[in-house]
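Here is data-v2.cif, consisting of mmCIF, C-alpha atoms and all ligand atoms:
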data_protein
loop_
_atom_site.group_PDB
_atom_site.id
_atom_site.type_symbol
_atom_site.label_atom_id
_atom_site.label_comp_id
_atom_site.auth_asym_id
_atom_site.auth_seq_id
_atom_site.Cartn_x
_atom_site.Cartn_y
_atom_site.Cartn_z
ATOM 1 C CA MET A 1 157.572 116.715 140.533
ATOM 2 C CA ASN A 2 158.213 114.097 137.903
ATOM 3 C CA LEU A 3 160.959 115.620 135.796
ATOM 4 C CA SER A 4 160.760 112.941 133.151
ATOM 5 C CA THR A 5 157.755 114.849 131.836
ATOM 6 C CA HIS A 6 159.219 118.263 132.570
ATOM 7 C CA PRO A 7 159.135 120.380 129.421
ATOM 8 C CA GLU A 8 162.562 121.977 129.900
ATOM 9 C CA ARG A 9 165.485 120.944 127.781
ATOM 10 C CA VAL A 10 168.369 120.078 130.081
ATOM 11 C CA THR A 11 171.875 120.435 128.719
ATOM 12 C CA ALA A 12 175.366 120.526 130.126
ATOM 13 C CA GLY A 13 176.433 123.416 127.916
ATOM 14 C CA GLY A 14 174.433 126.222 126.368
ATOM 15 C CA THR A 15 172.832 124.315 123.525
ATOM 16 C CA ALA A 16 169.400 122.781 123.291
ATOM 17 C CA ALA A 17 168.974 119.030 123.771
ATOM 18 C CA PRO A 18 166.103 116.572 124.096
ATOM 19 C CA ASP A 19 164.371 116.099 127.448
ATOM 20 C CA ASN A 20 166.637 114.283 129.820
ATOM 21 C CA ALA A 21 164.844 111.992 132.228
ATOM 22 C CA ALA A 22 168.092 111.309 134.087
ATOM 23 C CA ALA A 23 168.431 114.954 135.097
ATOM 24 C CA THR A 24 166.507 114.563 138.325
ATOM 25 C CA ARG A 25 169.278 114.230 140.867
ATOM 26 C CA ARG A 26 171.363 116.914 142.549
ATOM 27 C CA ILE A 27 174.932 116.837 141.353
ATOM 28 C CA LEU A 28 178.096 118.805 142.184
ATOM 29 C CA VAL A 29 178.464 121.665 139.690
ATOM 30 C CA TRP A 30 180.299 124.559 141.421
ATOM 31 C CA ASP A 31 183.717 123.804 142.913
ATOM 32 C CA TRP A 32 184.974 125.531 146.082
ATOM 33 C CA PRO A 33 186.996 128.325 144.397
ATOM 34 C CA THR A 34 183.941 129.300 142.327
ATOM 35 C CA ARG A 35 181.692 129.408 145.398
ATOM 36 C CA ILE A 36 184.155 131.099 147.771
ATOM 37 C CA GLY A 37 185.242 133.475 144.996
ATOM 38 C CA HIS A 38 181.656 134.440 144.231
ATOM 39 C CA TRP A 39 180.754 135.420 147.762
ATOM 40 C CA LEU A 40 184.063 137.258 148.188
ATOM 41 C CA LEU A 41 183.307 139.171 144.979
ATOM 42 C CA ALA A 42 179.783 140.038 146.086
ATOM 43 C CA GLY A 43 180.878 141.041 149.618
ATOM 44 C CA SER A 44 183.932 143.067 148.620
ATOM 45 C CA PHE A 45 182.026 144.849 145.848
ATOM 46 C CA ALA A 46 179.308 145.807 148.316
ATOM 47 C CA VAL A 47 181.831 147.111 150.874
ATOM 48 C CA ALA A 48 183.791 149.024 148.193
ATOM 49 C CA TRP A 49 180.568 150.546 146.958
ATOM 50 C CA LEU A 50 179.288 151.575 150.375
ATOM 51 C CA THR A 51 182.608 153.188 151.344
ATOM 52 C CA ALA A 52 183.337 154.850 147.978
ATOM 53 C CA GLU A 53 182.368 158.425 148.820
ATOM 54 C CA SER A 54 183.884 158.778 152.264
ATOM 55 C CA GLU A 55 187.429 159.989 152.964
ATOM 56 C CA ALA A 56 187.217 158.463 156.448
ATOM 57 C CA TRP A 57 186.544 155.011 154.997
ATOM 58 C CA ARG A 58 189.132 155.312 152.212
ATOM 59 C CA ASN A 59 191.376 152.530 153.607
ATOM 60 C CA VAL A 60 188.442 150.136 153.849
ATOM 61 C CA HIS A 61 187.403 151.121 150.328
ATOM 62 C CA VAL A 62 190.881 150.482 148.964
ATOM 63 C CA ALA A 63 191.321 147.190 150.887
ATOM 64 C CA SER A 64 187.969 145.813 149.703
ATOM 65 C CA GLY A 65 188.824 146.962 146.181
ATOM 66 C CA TYR A 66 192.145 145.066 146.323
ATOM 67 C CA LEU A 67 190.309 141.998 147.629
ATOM 68 C CA PHE A 68 187.856 142.261 144.738
ATOM 69 C CA GLY A 69 190.773 142.562 142.291
ATOM 70 C CA ALA A 70 192.618 139.588 143.799
ATOM 71 C CA VAL A 71 189.531 137.387 143.362
ATOM 72 C CA ILE A 72 189.115 138.566 139.752
ATOM 73 C CA ALA A 73 192.755 137.665 138.992
ATOM 74 C CA PHE A 74 192.267 134.191 140.475
ATOM 75 C CA ARG A 75 188.945 133.744 138.660
ATOM 76 C CA LEU A 76 190.537 134.628 135.301
ATOM 77 C CA LEU A 77 193.104 131.859 135.814
ATOM 78 C CA TRP A 78 190.463 129.447 137.131
ATOM 79 C CA GLY A 79 188.467 130.091 133.949
ATOM 80 C CA PHE A 80 191.190 128.172 132.103
ATOM 81 C CA VAL A 81 192.326 125.530 134.594
ATOM 82 C CA GLY A 82 189.251 125.090 136.816
ATOM 83 C CA THR A 83 186.602 122.388 136.786
ATOM 84 C CA ARG A 84 184.210 122.012 133.876
ATOM 85 C CA TYR A 85 181.510 124.624 134.624
ATOM 86 C CA ALA A 86 184.036 127.190 135.876
ATOM 87 C CA ARG A 87 185.794 127.258 132.497
ATOM 88 C CA PHE A 88 185.198 130.120 130.074
ATOM 89 C CA SER A 89 185.047 127.601 127.227
ATOM 90 C CA GLU A 90 181.989 126.080 128.904
ATOM 91 C CA PHE A 91 179.914 129.224 129.434
ATOM 92 C CA VAL A 92 181.113 131.932 127.043
ATOM 93 C CA LYS A 93 178.873 131.293 124.047
ATOM 94 C CA SER A 94 177.983 133.313 120.948
ATOM 95 C CA PRO A 95 175.584 136.277 121.224
ATOM 96 C CA ARG A 96 173.166 134.206 119.137
ATOM 97 C CA ALA A 97 173.218 131.418 121.750
ATOM 98 C CA ALA A 98 172.478 134.016 124.442
ATOM 99 C CA TRP A 99 169.611 135.395 122.371
ATOM 100 C CA ASN A 100 168.221 131.909 121.703
ATOM 101 C CA TYR A 101 168.354 131.162 125.431
ATOM 102 C CA LEU A 102 166.523 134.392 126.331
ATOM 103 C CA THR A 103 163.805 133.892 123.718
ATOM 104 C CA SER A 104 163.357 130.251 124.795
ATOM 105 C CA LEU A 105 162.353 131.563 128.246
ATOM 106 C CA LEU A 106 159.246 133.069 126.683
ATOM 107 C CA GLY A 107 158.185 129.776 125.101
ATOM 108 C CA PRO A 108 156.874 126.509 126.528
ATOM 109 C CA ARG A 109 160.293 124.779 126.499
ATOM 110 C CA PRO A 110 162.855 127.031 128.236
ATOM 111 C CA GLN A 111 166.437 125.871 127.754
ATOM 112 C CA HIS A 112 168.048 124.734 130.989
ATOM 113 C CA THR A 113 171.823 124.499 131.388
ATOM 114 C CA VAL A 114 173.669 122.687 134.167
ATOM 115 C CA GLY A 115 176.337 125.421 134.376
ATOM 116 C CA HIS A 116 175.898 129.134 133.635
ATOM 117 C CA ASN A 117 173.335 129.863 130.935
ATOM 118 C CA PRO A 118 174.614 131.592 127.740
ATOM 119 C CA ALA A 119 173.092 134.975 128.685
ATOM 120 C CA GLY A 120 174.458 134.824 132.236
ATOM 121 C CA GLY A 121 177.847 133.985 130.721
ATOM 122 C CA TRP A 122 177.989 137.436 129.106
ATOM 123 C CA ALA A 123 177.028 139.148 132.358
ATOM 124 C CA ILE A 124 179.893 137.314 134.067
ATOM 125 C CA VAL A 125 182.397 138.436 131.410
ATOM 126 C CA ALA A 126 181.115 142.021 131.725
ATOM 127 C CA LEU A 127 181.428 141.936 135.532
ATOM 128 C CA LEU A 128 184.966 140.590 135.422
ATOM 129 C CA VAL A 129 186.110 143.102 132.769
ATOM 130 C CA LEU A 130 184.409 146.146 134.359
ATOM 131 C CA GLY A 131 185.610 145.001 137.788
ATOM 132 C CA ALA A 132 189.202 144.770 136.536
ATOM 133 C CA ILE A 133 188.972 148.253 134.950
ATOM 134 C CA SER A 134 187.518 149.640 138.188
ATOM 135 C CA VAL A 135 190.299 148.159 140.321
ATOM 136 C CA LEU A 136 193.126 149.216 137.994
ATOM 137 C CA SER A 137 191.820 152.774 137.528
ATOM 138 C CA GLY A 138 191.115 153.033 141.289
ATOM 139 C CA TRP A 139 194.683 151.964 142.002
ATOM 140 C CA LEU A 140 196.064 154.520 139.532
ATOM 141 C CA THR A 141 193.885 157.298 141.015
ATOM 142 C CA PHE A 142 194.975 156.325 144.526
ATOM 143 C CA ASN A 143 198.614 156.600 143.450
ATOM 144 C CA GLU A 144 197.893 159.931 141.775
ATOM 145 C CA VAL A 145 198.654 158.731 138.282
ATOM 146 C CA GLY A 146 196.708 160.184 135.357
ATOM 147 C CA GLY A 147 194.565 162.593 137.382
ATOM 148 C CA GLU A 148 190.984 163.264 136.278
ATOM 149 C CA LEU A 149 191.072 160.720 133.476
ATOM 150 C CA PHE A 150 191.459 157.628 135.667
ATOM 151 C CA GLU A 151 189.222 159.120 138.338
ATOM 152 C CA GLU A 152 186.422 159.442 135.782
ATOM 153 C CA LEU A 153 187.169 155.980 134.412
ATOM 154 C CA HIS A 154 187.078 154.549 137.949
ATOM 155 C CA GLU A 155 183.703 156.021 138.705
ATOM 156 C CA GLY A 156 182.320 155.126 135.256
ATOM 157 C CA ALA A 157 183.477 151.497 135.361
ATOM 158 C CA SER A 158 182.202 151.097 138.942
ATOM 159 C CA ASN A 159 178.781 152.511 138.006
ATOM 160 C CA ALA A 160 178.624 150.281 134.938
ATOM 161 C CA ALA A 161 179.558 147.256 137.081
ATOM 162 C CA LEU A 162 176.754 148.136 139.496
ATOM 163 C CA ALA A 163 174.300 148.265 136.579
ATOM 164 C CA VAL A 164 175.442 144.802 135.423
ATOM 165 C CA VAL A 165 175.096 143.512 139.018
ATOM 166 C CA GLY A 166 171.459 144.701 138.852
ATOM 167 C CA ILE A 167 170.917 142.803 135.587
ATOM 168 C CA HIS A 168 172.763 139.809 137.111
ATOM 169 C CA LEU A 169 170.392 139.735 140.091
ATOM 170 C CA ILE A 170 167.324 140.004 137.839
ATOM 171 C CA GLY A 171 168.748 137.130 135.749
ATOM 172 C CA VAL A 172 169.363 134.977 138.839
ATOM 173 C CA ALA A 173 165.827 135.607 140.136
ATOM 174 C CA THR A 174 164.233 134.960 136.731
ATOM 175 C CA GLY A 175 166.285 131.795 136.145
ATOM 176 C CA SER A 176 165.437 130.479 139.610
ATOM 177 C CA LEU A 177 161.703 131.045 139.031
ATOM 178 C CA ILE A 178 161.514 129.708 135.481
ATOM 179 C CA HIS A 179 163.632 126.637 136.164
ATOM 180 C CA ARG A 180 162.150 126.155 139.628
ATOM 181 C CA GLU A 181 165.668 125.842 141.001
ATOM 182 C CA ASN A 182 167.301 127.774 143.855
ATOM 183 C CA LEU A 183 170.353 129.177 142.049
ATOM 184 C CA VAL A 184 171.496 131.193 145.082
ATOM 185 C CA GLY A 185 171.432 128.084 147.264
ATOM 186 C CA ALA A 186 173.438 126.299 144.575
ATOM 187 C CA MET A 187 176.159 128.978 144.835
ATOM 188 C CA PHE A 188 176.520 127.901 148.497
ATOM 189 C CA SER A 189 176.099 124.129 148.243
ATOM 190 C CA GLY A 190 177.618 123.661 144.786
ATOM 191 C CA LEU A 191 174.700 121.356 143.924
ATOM 192 C CA LYS A 192 172.304 121.689 141.002
ATOM 193 C CA ARG A 193 169.885 119.463 139.159
ATOM 194 C CA GLY A 194 171.441 117.361 136.420
ATOM 195 C CA ALA A 195 172.316 113.940 135.092
ATOM 196 C CA ALA A 196 174.903 112.036 137.142
ATOM 197 C CA ILE A 197 177.297 112.001 134.209
ATOM 198 C CA ALA A 198 177.306 115.841 134.121
ATOM 199 C CA ALA A 199 178.727 116.195 137.665
ATOM 200 C CA ILE A 200 182.252 117.513 138.255
ATOM 201 C CA ALA A 201 184.624 114.962 139.734
ATOM 202 C CA GLY A 202 185.748 116.917 142.802
ATOM 203 C CA ALA A 203 185.117 120.163 144.677
ATOM 204 C CA ARG A 204 188.817 121.249 144.642
ATOM 205 C CA GLY A 205 188.917 122.185 148.318
ATOM 206 C CA TRP A 206 192.666 122.744 148.098
ATOM 207 C CA ALA A 207 192.146 125.390 145.398
ATOM 208 C CA GLY A 208 189.531 127.086 147.593
ATOM 209 C CA LEU A 209 192.127 127.259 150.348
ATOM 210 C CA LEU A 210 194.689 128.573 147.878
ATOM 211 C CA LEU A 211 192.262 131.312 146.865
ATOM 212 C CA LEU A 212 191.868 132.375 150.517
ATOM 213 C CA VAL A 213 195.637 132.422 151.070
ATOM 214 C CA TRP A 214 196.065 134.396 147.822
ATOM 215 C CA VAL A 215 193.541 137.112 148.675
ATOM 216 C CA VAL A 216 194.893 137.533 152.218
ATOM 217 C CA ALA A 217 198.450 137.753 150.840
ATOM 218 C CA VAL A 218 197.526 140.315 148.169
ATOM 219 C CA VAL A 219 195.526 142.567 150.504
ATOM 220 C CA THR A 220 198.163 142.365 153.260
ATOM 221 C CA PHE A 221 200.976 143.120 150.819
ATOM 222 C CA LEU A 222 199.228 146.055 149.143
ATOM 223 C CA MET A 223 197.996 147.589 152.423
ATOM 224 C CA ARG A 224 201.341 147.243 154.246
HETATM 225 C C1 LIG B 301 173.587 139.216 146.996
HETATM 226 C C2 LIG B 301 173.994 139.421 145.763
HETATM 227 C C3 LIG B 301 174.257 138.313 144.775
HETATM 228 C C4 LIG B 301 173.614 137.132 144.569
HETATM 229 C C5 LIG B 301 172.402 136.583 145.327
HETATM 230 C C6 LIG B 301 174.279 136.445 143.474
HETATM 231 C C7 LIG B 301 173.940 135.209 142.984
HETATM 232 C C8 LIG B 301 174.615 134.541 141.999
HETATM 233 C C9 LIG B 301 174.266 133.233 141.509
HETATM 234 C C10 LIG B 301 173.080 132.421 141.969
HETATM 235 C C11 LIG B 301 175.164 132.894 140.561
HETATM 236 C C12 LIG B 301 175.142 131.621 139.718
HETATM 237 C C13 LIG B 301 174.326 131.912 138.504
HETATM 238 C C14 LIG B 301 174.090 130.637 137.699
HETATM 239 O O1 LIG B 301 173.501 129.690 138.238
HETATM 240 O O2 LIG B 301 174.528 130.595 136.529
HETATM 241 C C15 LIG B 301 176.113 133.971 140.444
HETATM 242 C C16 LIG B 301 177.205 133.984 139.602
HETATM 243 C C17 LIG B 301 178.098 135.014 139.535
HETATM 244 N N1 LIG B 301 177.994 136.235 140.172
HETATM 245 FE FE1 LIG B 301 176.645 136.742 141.563
HETATM 246 N N2 LIG B 301 175.296 137.240 143.013
HETATM 247 C C18 LIG B 301 175.325 138.381 143.779
HETATM 248 C C19 LIG B 301 176.175 139.448 143.659
HETATM 249 C C20 LIG B 301 177.230 139.494 142.784
HETATM 250 C C21 LIG B 301 178.145 140.601 142.690
HETATM 251 C C22 LIG B 301 178.063 141.893 143.524
HETATM 252 C C23 LIG B 301 179.050 140.258 141.747
HETATM 253 C C24 LIG B 301 180.240 141.030 141.232
HETATM 254 C C25 LIG B 301 180.387 142.302 141.301
HETATM 255 C C26 LIG B 301 178.704 138.942 141.251
HETATM 256 C C27 LIG B 301 179.404 138.255 140.288
HETATM 257 C C28 LIG B 301 179.122 136.993 139.855
HETATM 258 C C29 LIG B 301 179.984 136.218 138.999
HETATM 259 C C30 LIG B 301 181.337 136.680 138.439
HETATM 260 C C31 LIG B 301 179.347 134.985 138.814
HETATM 261 C C32 LIG B 301 179.910 133.805 138.068
HETATM 262 C C33 LIG B 301 180.468 132.850 139.111
HETATM 263 C C34 LIG B 301 181.648 132.077 138.582
HETATM 264 O O3 LIG B 301 181.484 131.262 137.679
HETATM 265 O O4 LIG B 301 182.752 132.330 139.085
HETATM 266 N N3 LIG B 301 177.592 138.496 141.903
HETATM 267 N N4 LIG B 301 175.741 134.968 141.319
HETATM 268 C C1 LIG B 302 185.170 146.865 143.638
HETATM 269 C C2 LIG B 302 186.074 147.777 143.408
HETATM 270 C C3 LIG B 302 185.790 149.259 143.532
HETATM 271 C C4 LIG B 302 184.606 149.962 143.394
HETATM 272 C C5 LIG B 302 183.235 149.426 143.091
HETATM 273 C C6 LIG B 302 184.911 151.368 143.580
HETATM 274 C C7 LIG B 302 184.008 152.411 143.478
HETATM 275 C C8 LIG B 302 184.295 153.740 143.603
HETATM 276 C C9 LIG B 302 183.408 154.841 143.315
HETATM 277 C C10 LIG B 302 181.981 154.690 142.823
HETATM 278 C C11 LIG B 302 184.071 156.001 143.580
HETATM 279 C C12 LIG B 302 183.558 157.417 143.370
HETATM 280 C C13 LIG B 302 183.093 158.006 144.673
HETATM 281 C C14 LIG B 302 182.686 159.451 144.499
HETATM 282 O O1 LIG B 302 181.583 159.713 144.017
HETATM 283 O O2 LIG B 302 183.489 160.305 144.831
HETATM 284 C C15 LIG B 302 185.386 155.644 144.032
HETATM 285 C C16 LIG B 302 186.343 156.548 144.413
HETATM 286 C C17 LIG B 302 187.646 156.200 144.697
HETATM 287 N N1 LIG B 302 188.203 154.934 144.684
HETATM 288 FE FE1 LIG B 302 187.231 153.234 144.283
HETATM 289 N N2 LIG B 302 186.256 151.485 143.848
HETATM 290 C C18 LIG B 302 186.830 150.220 143.825
HETATM 291 C C19 LIG B 302 188.144 149.888 144.016
HETATM 292 C C20 LIG B 302 189.152 150.795 144.328
HETATM 293 C C21 LIG B 302 190.557 150.498 144.505
HETATM 294 C C22 LIG B 302 191.189 149.092 144.366
HETATM 295 C C23 LIG B 302 191.197 151.662 144.806
HETATM 296 C C24 LIG B 302 192.641 151.948 145.093
HETATM 297 C C25 LIG B 302 193.601 151.102 145.120
HETATM 298 C C26 LIG B 302 190.206 152.720 144.803
HETATM 299 C C27 LIG B 302 190.449 154.028 145.060
HETATM 300 C C28 LIG B 302 189.547 155.052 145.000
HETATM 301 C C29 LIG B 302 189.880 156.456 145.233
HETATM 302 C C30 LIG B 302 191.251 157.016 145.601
HETATM 303 C C31 LIG B 302 188.677 157.156 145.032
HETATM 304 C C32 LIG B 302 188.474 158.672 145.149
HETATM 305 C C33 LIG B 302 188.637 159.308 143.818
HETATM 306 C C34 LIG B 302 188.323 160.759 143.932
HETATM 307 O O3 LIG B 302 189.161 161.477 144.450
HETATM 308 O O4 LIG B 302 187.203 161.126 143.530
HETATM 309 N N3 LIG B 302 188.967 152.148 144.501
HETATM 310 N N4 LIG B 302 185.509 154.264 144.013
#
Any chance you could put this one into structure tokens?
Amino acid sequence: MNLSTHPERVTAGGTAAPDNAAATRRILVWDWPTRIGHWLLAGSFAVAWLTAESEAWRNVHVASGYLFGAVIAFRLLWGFVGTRYARFSEFVKSPRAAWNYLTSLLGPRPQHTVGHNPAGGWAIVALLVLGAISVLSGWLTFNEVGGELFEELHEGASNAALAVVGIHLIGVATGSLIHRENLVGAMFSGLKRGAAIAAIAGARGWAGLLLLVWVVAVVTFLMR
């Protein structure tokens, strides 16, 4: 496909820009902590969800919940000190920007962003906040603090997070189809379509390793 005539507007952030003929190559967008963190989040959330109702699996539920929480804590920090597209300042845009992005999908010139799109950015914030509430209230319930209140909050936040995961998956599938780009593959390889100048400088392998050490340390410490 000749992307120089592609009707999408390709931008590094969430705003519209003229067609960019240079945006044909695959460039590094997601660093290692973002990729490793994502699949740890997805996996631990799934395990926590599947083991939620069973007393017999309570330890697995709690351990996967701690793992999920440890990744969220790291991700919150990485949102300030990470590489370009991992930063909150890059993908948390105004509600209007999110709306403009969504409505552009219905028109002939859908906006295309190199990093997270402005609507996806809000789903990410919601997942991180609901996930943090779920972990904290689960921890309090587990330690028999607050009784019914935190138990209800735990279940409510977890259900809400699951609903946002559903929206997240619909968004990923829709974005992949409309932009003709495999977004799931990109979360593994780190590579997306974009202009060479928009690439991040390095994959931060050392920070990926740090994330792994951190989650193992947190889960081991809390489950001791
Ligand atoms: C098999 C299930 C899943 C798939 C295929 C998937 C896929 C993706 C993809 C492709 C992206 C990048 C979107 C973009 O290009 O802007 C992404 C981002 C994200 N997803 Fe998922 N996801 C899954 C499950 C989950 C779950 C269960 C959670 C959390 C409960 C989650 C949380 C996130 C977060 C926080 C991001 C932002 C990544 C970052 O910048 O750190 N995902 N996901
Ligand atoms: C991804 C994170 C988590 C998710 C999605 C999640 C989800 C859930 C859900 C949906 C339930 C309700 C099950 C039912 O219907 O009875 C539940 C129960 C429970 N969770 Fe979690 N949880 C998470 C993390 C944690 C953590 C970190 C802890 C403790 C440190 C924890 C401790 C508990 C306990 C003790 C219960 C039973 C509450 C009761 O007696 O009803 N959870 N969890």
Can I get the residues of range 155-216 of chain A within 12 Å of range 129-135 of chain A, each with the closest pair of atoms and their distance in Å to one decimal, using all atoms listed in the file, sorted chain first then ascending number, as JSON lines?
{"residue": "A:Glu155", "atom": "CA", "partner": "A:Ser134", "partner_atom": "CA", "distance": 7.5}
{"residue": "A:Gly156", "atom": "CA", "partner": "A:Ser134", "partner_atom": "CA", "distance": 8.1}
{"residue": "A:Ala157", "atom": "CA", "partner": "A:Ser134", "partner_atom": "CA", "distance": 5.3}
{"residue": "A:Ser158", "atom": "CA", "partner": "A:Ser134", "partner_atom": "CA", "distance": 5.6}
{"residue": "A:Asn159", "atom": "CA", "partner": "A:Ser134", "partner_atom": "CA", "distance": 9.2}
{"residue": "A:Ala160", "atom": "CA", "partner": "A:Leu130", "partner_atom": "CA", "distance": 7.1}
{"residue": "A:Ala161", "atom": "CA", "partner": "A:Leu130", "partner_atom": "CA", "distance": 5.7}
{"residue": "A:Leu162", "atom": "CA", "partner": "A:Leu130", "partner_atom": "CA", "distance": 9.4}
{"residue": "A:Ala163", "atom": "CA", "partner": "A:Leu130", "partner_atom": "CA", "distance": 10.6}
{"residue": "A:Val164", "atom": "CA", "partner": "A:Leu130", "partner_atom": "CA", "distance": 9.1}
{"residue": "A:Val165", "atom": "CA", "partner": "A:Gly131", "partner_atom": "CA", "distance": 10.7}
Atomic distance atom C25 of ligand LIG 301 (chain B) - CA of Glu181 in chain A, expressed in Å with one decimal: 22.1 Å
List as JSON lines every residue of chain A that is in contact with ligand LIG 301 (chain B), defined as an atom at most 6 Å from one of its atoms (using only C-alpha atoms and all ligand atoms), together with the nearest atom pair and the distance in Å rounded to one decimal, sorted by chain and then rising number.
{"residue": "A:Thr34", "atom": "CA", "partner": "B:LIG301", "partner_atom": "O4", "distance": 4.6}
{"residue": "A:His38", "atom": "CA", "partner": "B:LIG301", "partner_atom": "C33", "distance": 5.5}
{"residue": "A:Leu41", "atom": "CA", "partner": "B:LIG301", "partner_atom": "C24", "distance": 5.2}
{"residue": "A:Ala42", "atom": "CA", "partner": "B:LIG301", "partner_atom": "C22", "distance": 3.6}
{"residue": "A:Phe45", "atom": "CA", "partner": "B:LIG301", "partner_atom": "C22", "distance": 5.5}
{"residue": "A:Ala86", "atom": "CA", "partner": "B:LIG301", "partner_atom": "O3", "distance": 5.1}
{"residue": "A:Gly115", "atom": "CA", "partner": "B:LIG301", "partner_atom": "O2", "distance": 5.9}
{"residue": "A:His116", "atom": "CA", "partner": "B:LIG301", "partner_atom": "O2", "distance": 3.5}
{"residue": "A:Asn117", "atom": "CA", "partner": "B:LIG301", "partner_atom": "O2", "distance": 5.8}
{"residue": "A:Ile124", "atom": "CA", "partner": "B:LIG301", "partner_atom": "C30", "distance": 4.6}
{"residue": "A:Leu127", "atom": "CA", "partner": "B:LIG301", "partner_atom": "C25", "distance": 5.9}
{"residue": "A:Val165", "atom": "CA", "partner": "B:LIG301", "partner_atom": "C21", "distance": 5.6}
{"residue": "A:Val172", "atom": "CA", "partner": "B:LIG301", "partner_atom": "C10", "distance": 5.5}
{"residue": "A:Leu183", "atom": "CA", "partner": "B:LIG301", "partner_atom": "C10", "distance": 4.2}
{"residue": "A:Val184", "atom": "CA", "partner": "B:LIG301", "partner_atom": "C10", "distance": 3.7}
{"residue": "A:Met187", "atom": "CA", "partner": "B:LIG301", "partner_atom": "C10", "distance": 5.4}
Shell around Leu77 in chain A at 12 Å using all atoms listed in the file, local window under 2 positions removed, as a PyMOL selection string: chain A and resi 33-34+70-75+79-83+86-88+128+207+211
Residues matched by the PyMOL selection byres (((not hetatm)) within 6 of (chain B and resi 302)), written as an MDAnalysis selection string: chainID A and resid 45 48:49 52:53 62 65:66 68 134:135 138:139 141:142 151 155 158
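Closest approach to His154 in chain A from the set A:Arg25, A:Gly171, A:Leu136, A:Ser44 is made by A:Leu136, with distances taken over only C-alpha atoms.
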Explicit residues for the PyMOL selection byres (((chain A and resi 91-99) around 9) and not hetatm) (as a VMD selection string): chain A and resid 13 to 15 85 to 90 100 to 104 115 to 122 124 to 125
Would you kindly return, as a PDB file with C-alpha atoms, in the frame of the given file, each protein, DNA or RNA residue with an atom no farther than 9 Å from any atom of Gly205 in chain A, considering only C-alpha atoms and excluding same-chain residues fewer than 4 positions away?
ATOM      1  CA  ASP A  31     183.717 123.804 142.913  1.00  0.00           C
ATOM      2  CA  TRP A  32     184.974 125.531 146.082  1.00  0.00           C
ATOM      3  CA  PRO A  33     186.996 128.325 144.397  1.00  0.00           C
ATOM      4  CA  LEU A 209     192.127 127.259 150.348  1.00  0.00           C
ATOM      5  CA  LEU A 210     194.689 128.573 147.878  1.00  0.00           C
TER       6      LEU A 210
END
Pick from A:Val114, A:Val219, A:Phe188, A:Ala126 nearest to Ile200 in chain A, counting all atoms listed in the file: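 Of A:Val114, A:Val219, A:Phe188, A:Ala126, the one nearest Ile200 in chain A is A:Val114, counting all atoms listed in the file.
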First collect every listed atom of range 187-201 of chain A; then fit an axis-aligned box around them, widen it by 8 Å on each side, and give centre and edge lengths in Å to one decimal, as JSON.
{"center_x": 177.3, "center_y": 120.5, "center_z": 141.3, "size_x": 30.7, "size_y": 33.0, "size_z": 30.4}
Selected residue, from A:Gly37, A:Gly208, A:Pro110, A:Gly69, that lies nearest to Gly175 in chain A when counting only C-alpha atoms: A:Pro110
Missing atoms in range 37-47 of chain A: fill them in up to N, CA and C atoms and send the result as a PDB file, keeping the file's coordinate frame.
ATOM      1  N   GLY A  37     184.924 132.286 145.802  1.00  0.00           N
ATOM      2  CA  GLY A  37     185.242 133.475 144.996  1.00  0.00           C
ATOM      3  C   GLY A  37     183.997 134.315 144.780  1.00  0.00           C
ATOM      4  N   HIS A  38     182.862 133.671 144.491  1.00  0.00           N
ATOM      5  CA  HIS A  38     181.656 134.440 144.231  1.00  0.00           C
ATOM      6  C   HIS A  38     181.252 135.280 145.425  1.00  0.00           C
ATOM      7  N   TRP A  39     181.237 134.664 146.596  1.00  0.00           N
ATOM      8  CA  TRP A  39     180.754 135.420 147.762  1.00  0.00           C
ATOM      9  C   TRP A  39     181.779 136.462 148.214  1.00  0.00           C
ATOM     10  N   LEU A  40     183.064 136.208 147.926  1.00  0.00           N
ATOM     11  CA  LEU A  40     184.063 137.258 148.188  1.00  0.00           C
ATOM     12  C   LEU A  40     183.860 138.430 147.222  1.00  0.00           C
ATOM     13  N   LEU A  41     183.566 138.110 145.961  1.00  0.00           N
ATOM     14  CA  LEU A  41     183.307 139.171 144.979  1.00  0.00           C
ATOM     15  C   LEU A  41     182.110 140.011 145.401  1.00  0.00           C
ATOM     16  N   ALA A  42     181.018 139.327 145.731  1.00  0.00           N
ATOM     17  CA  ALA A  42     179.783 140.038 146.086  1.00  0.00           C
ATOM     18  C   ALA A  42     180.020 140.903 147.337  1.00  0.00           C
ATOM     19  N   GLY A  43     180.658 140.316 148.357  1.00  0.00           N
ATOM     20  CA  GLY A  43     180.878 141.041 149.618  1.00  0.00           C
ATOM     21  C   GLY A  43     181.816 142.217 149.446  1.00  0.00           C
ATOM     22  N   SER A  44     182.949 141.988 148.746  1.00  0.00           N
ATOM     23  CA  SER A  44     183.932 143.067 148.620  1.00  0.00           C
ATOM     24  C   SER A  44     183.399 144.188 147.727  1.00  0.00           C
ATOM     25  N   PHE A  45     182.618 143.814 146.716  1.00  0.00           N
ATOM     26  CA  PHE A  45     182.026 144.849 145.848  1.00  0.00           C
ATOM     27  C   PHE A  45     181.071 145.714 146.673  1.00  0.00           C
ATOM     28  N   ALA A  46     180.272 145.064 147.495  1.00  0.00           N
ATOM     29  CA  ALA A  46     179.308 145.807 148.316  1.00  0.00           C
ATOM     30  C   ALA A  46     180.037 146.764 149.262  1.00  0.00           C
ATOM     31  N   VAL A  47     181.090 146.259 149.929  1.00  0.00           N
ATOM     32  CA  VAL A  47     181.831 147.111 150.874  1.00  0.00           C
ATOM     33  C   VAL A  47     182.492 148.268 150.118  1.00  0.00           C
TER      34      VAL A  47
END
